[in-house]
Amino acid sequence: MGAILLLSSCSKMLDKNPTDQLSSGTFWKTKNDFNMALASCYNTLQDYYLSSGIHDFDGISDNAVCVFSYANEQTINQNITVSSHATDMWYYNGYQRLATYNIFLQNLSGYKNADMTAVEKSNYEAQVRLMRAMEYYRLWTLYGSVPLVLQPLTVATQNVPKAPAEDVFKQIVQDCDFAIANLPVVDFWATQGHLNKAAAESIEARAYLYHGYDANGAAVTADMNKAASLTTDVINSGLYSLNSYYRGLFAPSAQTGNSREYLFAVYFLGPNDSKFGLWQFNISTMQFYWQSVHITKSLLDEYEFADGSAYDPNDPRSDSKHLYNNRDPRMAQTVCLDTVKWEDGTFDVLGASKNPSVPYLFWKSCDKNEVVQNGGVNSQKQNTNITAYVPMIRYAEVLLNHAEAVNEASGPTLAVYNDINAVRARAHMPALPSGLSQSQMRDKIRHERRVELAFEGFRYLDLKRWRIADKVLNGYNDGMVTHQFISPKNYLWPLPEAETQRNTALVQNPDYQ
Amino acid sequence: MKLLAFYGRPAINSFHAGWNLGKAGLSTKKLLRIMKLTAILLLSACLTTSAKGISQNVTLSVKEVPVQKVFEEIKKQTGLSFMWDEATLKETKPVTLDVRNMPVADVLNRCVKGQPISYRIIQKLVVVKLTNAEDANAADNQPAPPEPPKKISGVILGSNGTPLVSASINVKNSQLGTTTDGNGKFSLELPETANVLVISYIGYETIELPVSKSGDIRISLKPTESKMTDVVIVGYGAQKKIDLTGAVATVNGGDLAKRHITNPAASLEGLISGVRVVQSSGQPGAEGVGIEIRGMGTYSGAGSYPLVLVNGVQGNLADIDPNNIESISVLKDAASAAIYGARAANGVILVTTKDGSTNGGKFTVSYDFNYGISRPTKMPDLVTNSAQYMNLFNVAKTNSGITAASQFYPDSIINLYRNPSDLIKYPNADWASLMFRTAPTMMHYFSVSGGQKTTYNASVGYTDQQGVMQAFNYKKYTAQFNVASTVSSKFKMGFNIGLKNGDQSQPLNGAQDAFYQTIAHAPTALPTVADGSGRYTYRTYNWESVRPNQFAANNQLSSNIDFAITSQLWTDLEIIKGLHWYTKGAINGYFTRSKTFSSAIPLLNYLYPDSASLSSNIPGNGLTESMTETIYKNLFSYISYDKSFQRHQFGLQLGYSQEEQDYQYLMGARTSYSTDVLHEINAGDATPQYNGGTSNAWALQSFFGRLKYNFGGKYLFEANMRGDGSSRFADGHKWGYFPSFSAAWRMTEEPFMQRMKESGWLSDAKLRASWGQLGNQNIGLYPYQSLVNIGANYPFGNNLVTGAYQSGLNNENITWETTTMSDIGLDLTLLKHLNITVDAYKKYTADILRTAQVTGVVGLSAPTINDGAMTNVGLEFSVNYRNNVSSGALQGLAYNMGFNINGFKNETTKFGKKQDNGSTVIEEGSPWNSFYLLQWDGIFQSQDEINKSPKQFGENTQPGDLKFKDINHDGVIDNNDRVKMTKGVFPAFTYGFNLSASWKGFDMYCFLQGVQGQKGIFGYGRTPGLTPFFSGTPPTKDVAEQAWTPENHSNTMPRLYFSDYSGSEKVWNHPSTFLLYDMSYLRIKNLQFGYTLPDALMKKMSMKGIRIYVAADNLSTFTKFPGLDPEKPTGAFLSYPQNKTISFGLSAKF
C-alpha cells in the first residue's frame, strides 16, 4: 500500500541533477555566461608553471637549481628520454588550456544574442585567441611540431597528427594579428587586467624573435624586422614606462598597483582567489621544505660590478661574504644570503640553505606580507594567499626585444643603445660604452636579458633560440648535477610516450624514437 | 521466532508445506521421513517458542471416540498443534477418557497407551507417529514417562551413538541440573513443577524435552551444523541450505568474533572460498579492507566491491560490532545475487544481526571482554649504526657523481660516532623503533536478550584501540536494538536500530607519510635535541637530507568522528495461508566530522638547537573542519506465496524497492591562530578564511521477483528477475533487467542412491547449476551529463569574477555494466561428517563502464563509455570435517577441521588499444594490468662486460649497475625490451585452514590463511623504505650488506646511489623484474585456547556459563617478501603495519 503510494508520487525520483554544476545545454545563453567562461580562460594563466612559479623554469637553465618542487628538473637537466616523462606535463597541461580556449571560441562563434555587440564579440575572441597563441608559442618552442587543434575535439576526432612547426608558428602569428586588430590600445590598468593590443604585439614579437634564428643561430633579417616593427609600435604607443624600483615589479609587498611597466600581468587577489596558494612568494618555502630555488654560481658571476665592469672574484671590490655588495643593484634585489632587508626597512635572518656549495637563495619576488602572515621567514606555513601581480609581459622585455631585433637586423643603432640604457638606468647601472660592434652589442643585450629577466622563465628559451644551449648547458655543472644538452636532439623535447601510443597519428620527435 | 525475525518467509513456508503432507496419502515411510525432517527443521526454528501449552492441564470426558477427536479437543484446550498421518491414526482404537485438570502429557499418555502409536512433544507441536516406524531413531522413541515421583535418568549420546561426557541437563526456568558422567549418563530428581529439561552440549543443538513422569531416557543430540537444519539467509528471505540452488556461503557470527578485531570485514579473511579479503593496513579504524568476490569483476571505476546489506538494507560492515553478527551470507553467483540486480555484479554480502531468540528466548545477559596487546607484525630493518650510515651515505653520494666536499660526512665526524664518547651526542638512533609501541586494545560487549512473543536483543559495545604507531588511536561505540513481535498468528512486526560512533585520531599527514617521515632521518640524531630540553630535532648536519620530524608532527592531529544510525521497521502479514506480505522501511544516516588543527612547530639542530640558521620548522595551517551528512532511505515490500500439493512445492515472490541517497558537505577553515589552545573556527583570525560545500544525490527504483519449484526435495528450480532504474543514466538508458535461473538435483533422494545413502558413506549429494546476469552502476553520479563547472575564477581589477568551464567530455548513451555468470557446484556429505563443496564458475563482464581512451590533445577528461569486457574463470573448493571421539583417552573430544581453497584466471577480454602504464600493460587476452618489465639479468661486474653488452637507455652504465636483457635483439636496451608477464598478476590460489576442538571444557581454535603465487612491483619511481637514501632514509641492512662494491661483487643488489640524485634512476626508474617481488604467504591468523568453567560451579554462582581464553592474532607469517606486509600486493612499500596481537578475554552469560 505504502509502496504503491510512493510509486505514484516518486515517478520523478530517478531524475537527479548535479547541485553545483551547470548543464552545458543551459549554459552559453547570455553575455554573462561568456564573462564567466572568459574568467576561467584567464584562470588558466594563474598556473604555477606559467606565472606564480615561473621562477622554477629557470631551474632547467644555467640560472637556478630547483631541488624539490620541480621534481622533473634534474631529469631534464641530466638526460631527457622518452621514458623519463619529465617533460610530459607541459604537453598535457597545454592542450588542457587549449581545450578551454577552443570551447570558448566555438561557443562564441555560434552566439547570436543581441546582448553582445559585434565589437564586444571580436574583443572576446581576440583575448582568447591571444591566450591560444601564448599556449602554442610554448608548445612550439618546447616540442617543435605539435598537433594544431583549433576546435574542440571529441572521441571521434581525437587522433590529430602533428602539424609542421612552421604551421604552428603561422597560427601563432595569425591569432596575434587578429588580437592586434581587435584589442584596444589602452594600458593594463584601463582594462582591469584584460589583455590588450600591446600584449598581442609583444607575444607576436617573441614568436618572430624565436623564429628569427636559424639552426646555426644566424639571424633571419625578415623576422627581426617584423619583431622590431611590432615592438616599435608598443614603444610608440607611449602607454608604457619603466618602474622606478626593480623588485617592486615582483615582490607583492613592494608592488604599488599602478606600474606602467606591465603590459600584462596575472593577477592574484588574496586571500580568496586561491590557485595553489601563493606560497611561492614566501621566502621560507624557497629554503626549507620545498627547497625550491637556488641560485647558480654562473648567474651570480653574471652580475657586473656597480660601475658596469665585469665581475672578477679577485677584484678588491668583491665582498666574498656578501657577493651582492658593490654589484649591479639588481643582484641584491634578486638573490639573498643570510639576511633580508625588506622594503619597509625591517630585517629578517634566514635559516640554512640546502645547497651549501652555492648558498644564495631566490629573493626577487619574495614577499614580506606573506612571510609575516605565515609566521616568519623560517616558517614553512604556506596557506595564505596574498594579492599579487605576476608580470608575464613587461616593458623592459619589450625594450630588450626591440634592441635585439634591431641589432640583429641593422646593427647597434642609437635605438638599441636607448633601449638598453633605459633598462640599465632604471637599475642604476651606467650606460653602455659607445662604439660597440654588432657582436659586442649582441653580448651586451644577452647579458642584460639574463640579468634583467632572471627567473621570469626566459633563460632556457633564450639559450635555445640563440642556438647556444648545447654550448652553454652541455657539460655544465650547476653545483648539484652535470647537465646534458645534445644538439640537435635536446633542442626539442620528446612528445609524451603514452600519447604516441594513444594517438595513432602522432609521430615521436627525431632522436627520441 | 528466530526465522521470522529475519525477514525470512521461505523457510517458514517450507514448514507449512510439510505440514500438509499428511493428507497426501504418501507411503508411511516416506511421510515419516518428511515428517522427521520437518520436525527437525521445526526444532531448530521454534526453539524459542514458549513451552506454556505443555504445562497446561486438560479436562476431558469422552467415550469411545477416535483418537483424532481427543487430539482436536486437546488442541482446543491447550493450543498445542498436532501432526499426524491419516494412515497412522487409521490403525488406532477408539479412546475412553475421563480426566480433570490432568497434565496434558498424562492425557496423551493415556491416549496412546496400548495403541500402535507414540507421540513426541516438540515445543507446541505434538508429533504422532507409528511406534514401529523403522527409521525412528532413539530420540523419537522415548517411552512415555511413568508416573511421579519424577526421577529422570538416562544417557546422552552424540551423533554417532557415542556417549557425551559433561553434557548439561538443566531443568527449564530453574537452577536445577546436572551433567553427564564419563559414560554419558546422568540422573536427576525433579520437583513436580518441573516439566521441561534443557539438554545441551557444545557443538550440538540444545533440545528441550518435556517430561512429566520418572523414567529412563536416551537422547541423541544433533550436531549443530547438520546441513539438514541449516537455514541460510538469501536475498529477500531465507532458505534451507538443502534447498539452495545457487552458490551461497555462510559464516557464523561466532566465527567472526573469534578474531577479536574491531572491523568485522577484516575477520572475513580466509573464511570463505572465493571471497578475497585484503587488509591493507593495521591502522586502528582505518584498516582499508578490500573485499573481492570471485576475482576482479570489472576494470571500471565501478569497482569490484560487493554490495553489503545489513538486515536487508545497504550498510557497512565496519559499523557493526562483530559480536552482534548472527550470520553472514555471501551470495557468490548470479542465481543467488540476481535479486539485487544492478548492484550485485560483484556479489552480495548479507549480514544479519542477532535477535532475541539467539539464546533460546530465555532472558540472557551476556558480557564479553577482551584485552589485547599489539605489536607490528614486522618492522623495517634499517641501518641504524651512525658510522655505518655515514659511510654508506658517502659511498652513495660519490656513486651519484656528487663531488662538493660540503655534501659529505668528513672522516673526523665519522670517527666521533665510531667509538662514541657520548651516546646522546653521538647516537645510533633507530627512529622507527622509537615510533612504534606496544599498544593495548580493550573491548567490552554487553547484551541482553530474551522474550517470548516479543523478543528483543539489546547490546552495546565499546572498543578502545591504540595504534602500534604513536598518535594513532581509535574508539568505537556501537549499540544495536532488535525487537520482533508476534502480534498475532497472522501478523508480525519488528524494528532494528543500530548506532555507531567511531572516533579516529591520527597525525594529519596520515599513516603512510607518518611512517615515511619517521624513517627519513639519519641515525645521527634522536627525535629530541641532545640538550635534553625535549625540543624537536631537525637534523644534525647541513648535508643530511631529512623530512620533518614525525615525533613533532604527531602533535598535529586530525580527528575523524563518524556517526552511523541505521533504523528499520518491518511488518509481516499472512493474508491467507502461505501468502505473506512483507515490508521493510529503513532510514540510515551517516554523519562525519573531521577536524585538523596545526600550529607551527620549531625543529632545531640536534647539537646546536639555539642556532636559528641551522633550524627549520613544521608549518602550522590553523584549523580545517568539515562535515558530511549522508541520508539513505530504502523501502521495499514484497509478497510471497508458497503452495504445495502432493510432492510439488511452488513459491512465488514479487516485490518493489526504492532507495535514495542524499549527501551534503560543508567545510570551513581559518589558517591564522594566535593561540594553539583553542581549536574552533571562531578562535582564529577572520582573514584569511575559506569555506566550501556541495551536495549530491542518487536514486534507484526496482522491481524484483522469484519463482521456485521443488519436486519432492529432489529436483529444485529457481528463477529470479530484477529490473532496476537508476538516476545515473539518461532517460532511455535508465532501466536494466537482470534475470537468473538455477537448478539443483539432490541425487541422494533418488531411489537408486538409497543403498549408498544408507550405507552411510554418502549422506547427501547435490548438484547445482546456475546462470544469470547482474549489473553494476557505481560510476560517478552524473556521468551522462555534459557539465559546466563553476569555479576557476579570475580577478579583473578587484572584482573576482566567477568562472565556468567544461572539463570533461560526456556520453549520453551510457548504461549498465552487465556481468553474466555461470556456476556449477556440488555439495557432498560423506561419511556423515565430511562436507565438501565444489564450485566452478565463469564470470563475464561486458559493456564495462570505463573511461574512454582519449588522447592528450583533447584536453578534457575522458567520457565514460560502455566498452570492454573481462572474464574470470575460477574454481572453489571447501571441505569440512566434524566429529567426536567416542572412546579412549580422548573420549568426548569434539573437533572440526575446515579447509578452503580457490583460484581464478582473469582475462581482459576486450579493451581496445593496448595501454602501456610503464611497468604494467593492459592488453586484450591477458590478465588485467599484467606486468610489463625489463628482464633483470644480474649486475655488471666490469667495464669490459658493459662494453660488450647493449647500451642501456643511453645511460652512463657503471660496474655495479643492473643489467637488463636485450629481448628484441636490437643492440640497445630500452623500454621496447620489456616483456609482458602474466604470472602473479593475480594469485594462483588463496586458501584458509581452520581447526577447532573442545574437550572437557577446554577448547582451541587455529586459523591459517594464505595466498600463493601473487607478485607485486615495488619501488618503481623510487619509494621510501626500499630506495636507499630516499629523503635521507637509511638503507635496509639487507641492501647495505648485499650492495655491489668494487670489493663485493654482488650479483643481487646494485651499487648504492643516493635517491633523487644521478644514478639512482638506473635502478629505480626502469621498470624491471628487479622490482618484482613474490608476495606468497601463509599466515597464522589466529590461535586461541579457551576454558569453559564447569556447569556445577556455574550453578553455584547462578550463572549460565563463563569461558576464558587467550588468543593470538597474526601470530606469524611465512613469506619471502622482504617488505612489511605481503597481504597487500600493490601500493606503498611502507605502510602502517598489521598488528600482531596477544589477547585474553572472557565471555560470561547470566
# chains A, B, ... in the order shown; residues from 1 in each chain; ligands from 1
>>> interface_residues(of="chain B", to="chain A", cutoff="7 Å", atoms="only C-alpha atoms", output="ChimeraX atom specification")
/B:402,404,406,612-621,637,688,694-700,726-727,782,785-790,792-797,801-805,854-860,916
>>> select_by_dssp(residues="region 50-133 of chain B", states="strand (DSSP E)", output="PyMOL selection string")
chain B and resi 57-65+81-83+95-103+117-122+125-130
>>> write_last_selection(atoms="N, CA and C atoms", output="CSV table (one decimal), in the first residue's frame")
chain,number,residue,atom,x,y,z
B,57,ASN,N,-3.1,-28.0,31.8
B,57,ASN,CA,-3.8,-29.2,32.1
B,57,ASN,C,-5.1,-29.3,31.2
B,58,VAL,N,-5.6,-30.6,31.2
B,58,VAL,CA,-6.7,-30.8,30.3
B,58,VAL,C,-7.8,-31.4,31.1
B,59,THR,N,-9.0,-31.0,30.8
B,59,THR,CA,-10.2,-31.6,31.4
B,59,THR,C,-11.0,-32.2,30.3
B,60,LEU,N,-11.3,-33.5,30.4
B,60,LEU,CA,-11.9,-34.2,29.2
B,60,LEU,C,-12.7,-35.4,29.6
B,61,SER,N,-13.8,-35.5,29.0
B,61,SER,CA,-14.6,-36.7,29.3
B,61,SER,C,-15.2,-37.2,28.0
B,62,VAL,N,-14.6,-38.3,27.5
B,62,VAL,CA,-15.1,-38.9,26.2
B,62,VAL,C,-15.2,-40.4,26.3
B,63,LYS,N,-16.0,-40.9,25.4
B,63,LYS,CA,-16.3,-42.3,25.4
B,63,LYS,C,-16.2,-42.9,24.0
B,64,GLU,N,-15.2,-43.8,23.9
B,64,GLU,CA,-15.1,-44.5,22.6
B,64,GLU,C,-15.0,-43.5,21.4
B,65,VAL,N,-14.2,-42.5,21.5
B,65,VAL,CA,-14.1,-41.6,20.4
B,65,VAL,C,-12.8,-41.9,19.7
B,81,SER,N,-0.4,-27.9,18.8
B,81,SER,CA,-0.8,-28.4,17.5
B,81,SER,C,-0.4,-29.8,17.3
B,82,PHE,N,-1.1,-30.5,16.4
B,82,PHE,CA,-0.8,-31.9,16.3
B,82,PHE,C,-0.4,-32.2,14.8
B,83,MET,N,0.4,-33.1,14.7
B,83,MET,CA,0.8,-33.5,13.3
B,83,MET,C,0.7,-35.0,13.3
B,95,VAL,N,-10.9,-44.2,22.0
B,95,VAL,CA,-10.3,-44.0,23.3
B,95,VAL,C,-11.5,-43.6,24.3
B,96,THR,N,-11.4,-44.0,25.5
B,96,THR,CA,-12.3,-43.5,26.5
B,96,THR,C,-11.5,-42.8,27.6
B,97,LEU,N,-11.9,-41.7,28.0
B,97,LEU,CA,-11.1,-40.9,29.0
B,97,LEU,C,-12.1,-40.1,29.8
B,98,ASP,N,-11.7,-40.0,31.1
B,98,ASP,CA,-12.4,-39.0,32.0
B,98,ASP,C,-11.3,-38.4,32.9
B,99,VAL,N,-10.9,-37.3,32.5
B,99,VAL,CA,-9.8,-36.7,33.3
B,99,VAL,C,-10.2,-35.3,33.7
B,100,ARG,N,-9.7,-34.8,34.8
B,100,ARG,CA,-9.9,-33.5,35.3
B,100,ARG,C,-8.6,-32.8,35.6
B,101,ASN,N,-8.4,-31.7,34.9
B,101,ASN,CA,-7.2,-31.0,35.2
B,101,ASN,C,-5.9,-31.8,35.2
B,102,MET,N,-5.9,-32.7,34.3
B,102,MET,CA,-4.7,-33.6,34.3
B,102,MET,C,-3.7,-33.0,33.3
B,103,PRO,N,-2.4,-33.1,33.7
B,103,PRO,CA,-1.4,-32.6,32.8
B,103,PRO,C,-1.5,-33.2,31.4
B,117,ILE,N,0.8,-46.3,18.3
B,117,ILE,CA,1.4,-45.0,18.0
B,117,ILE,C,2.1,-44.5,19.3
B,118,SER,N,3.0,-43.6,19.0
B,118,SER,CA,3.6,-42.9,20.1
B,118,SER,C,3.6,-41.4,19.7
B,119,TYR,N,3.9,-40.6,20.7
B,119,TYR,CA,3.9,-39.1,20.3
B,119,TYR,C,5.2,-38.5,20.9
B,120,ARG,N,5.4,-37.3,20.4
B,120,ARG,CA,6.5,-36.6,20.9
B,120,ARG,C,6.1,-35.1,20.9
B,121,ILE,N,6.4,-34.4,22.0
B,121,ILE,CA,6.0,-33.0,22.0
B,121,ILE,C,7.3,-32.2,21.7
B,122,ILE,N,7.2,-31.5,20.7
B,122,ILE,CA,8.3,-30.5,20.4
B,122,ILE,C,7.7,-29.1,20.5
B,125,LEU,N,4.1,-28.4,19.4
B,125,LEU,CA,3.7,-29.4,18.4
B,125,LEU,C,3.8,-30.8,18.9
B,126,VAL,N,2.7,-31.5,18.7
B,126,VAL,CA,2.7,-32.9,19.1
B,126,VAL,C,2.8,-33.8,17.8
B,127,VAL,N,3.8,-34.5,17.7
B,127,VAL,CA,4.0,-35.3,16.5
B,127,VAL,C,3.6,-36.7,16.9
B,128,VAL,N,2.7,-37.2,16.1
B,128,VAL,CA,2.2,-38.6,16.4
B,128,VAL,C,2.6,-39.5,15.3
B,129,LYS,N,3.2,-40.6,15.7
B,129,LYS,CA,3.7,-41.5,14.6
B,129,LYS,C,3.5,-42.9,15.1
B,130,LEU,N,3.7,-43.9,14.1
B,130,LEU,CA,3.6,-45.3,14.4
B,130,LEU,C,4.9,-45.7,15.2
>>> closest_residue(among="B:Leu654, B:Ser187, B:Lys258, B:Glu1127", to="Leu1087 (chain B)", atoms="only C-alpha atoms")
B:Lys258
>>> closest_residue(among="A:Ile60, A:Val128, A:Leu108, A:Leu400", to="Phe455 (chain A)", atoms="only C-alpha atoms")
A:Ile60
>>> residues_around(residues="region 435-450 of chain B", least_positions_apart="4", cutoff="6 Å", atoms="only C-alpha atoms", output="PyMOL selection string")
chain B and resi 356+361-375+455-470
>>> residues_around(residues="Gly217 (chain A)", least_positions_apart="3", cutoff="8 Å", atoms="only C-alpha atoms", output="JSON, numbers by chain")
{"A": [213, 214, 465, 466, 467, 468]}
>>> select_by_dssp(residues="region 815-1063 of chain B", states="alpha helix (DSSP H)", output="list in words")
Gln943, Asp944, Glu945, Ile946, Asn947, Lys948, Lys1037, Asp1038, Val1039, Ala1040, Glu1041 and Gln1042 of chain B
>>> atom_distance(atom1="CA of Ser298 (chain A)", atom2="CA of Asn63 (chain A)")
6.8 Å
>>> closest_residue(among="B:Ala586, B:Ser567, B:Gly692, B:Gly237", to="Gly651 (chain B)", atoms="only C-alpha atoms")
B:Gly237
>>> residues_around(residues="region 814-821 of chain B", least_positions_apart="4", cutoff="8 Å", atoms="only C-alpha atoms", output="PyMOL selection string")
chain B and resi 297+333-334+342+345+729-730+733-734+736+770-777+784+841-849+864-866
>>> residues_around(residues="Asn968 (chain B)", least_positions_apart="2", cutoff="7 Å", atoms="only C-alpha atoms", output="JSON, numbers by chain")
{"B": [966, 970, 977]}
>>> residues_around(residues="region 706-711 of chain B", least_positions_apart="3", cutoff="7 Å", atoms="only C-alpha atoms", output="MDAnalysis selection string")
chainID B and resid 647:654 714:721
>>> write_last_selection(atoms="C-alpha atoms", output="PDB file, in the first residue's frame")
ATOM      1  CA  ARG B 647       5.207 -33.633  -3.966  1.00  0.00           C
ATOM      2  CA  HIS B 648       5.225 -30.317  -5.740  1.00  0.00           C
ATOM      3  CA  GLN B 649       6.144 -27.153  -3.963  1.00  0.00           C
ATOM      4  CA  PHE B 650       5.854 -23.784  -5.587  1.00  0.00           C
ATOM      5  CA  GLY B 651       6.985 -20.462  -4.370  1.00  0.00           C
ATOM      6  CA  LEU B 652       6.419 -17.080  -5.913  1.00  0.00           C
ATOM      7  CA  GLN B 653       7.694 -13.777  -4.728  1.00  0.00           C
ATOM      8  CA  LEU B 654       7.145 -10.300  -6.182  1.00  0.00           C
ATOM      9  CA  LYS B 714      14.848 -33.807  -5.240  1.00  0.00           C
ATOM     10  CA  TYR B 715      14.623 -31.500  -8.190  1.00  0.00           C
ATOM     11  CA  LEU B 716      14.829 -27.811  -7.425  1.00  0.00           C
ATOM     12  CA  PHE B 717      14.423 -24.903  -9.776  1.00  0.00           C
ATOM     13  CA  GLU B 718      14.565 -21.221  -9.199  1.00  0.00           C
ATOM     14  CA  ALA B 719      14.310 -18.144 -11.368  1.00  0.00           C
ATOM     15  CA  ASN B 720      14.967 -14.576 -10.276  1.00  0.00           C
ATOM     16  CA  MET B 721      14.428 -11.330 -12.064  1.00  0.00           C
TER      17      MET B 721
END
>>> atom_distance(atom1="CA of Gly1001 (chain B)", atom2="CA of Ser1147 (chain B)")
13.7 Å
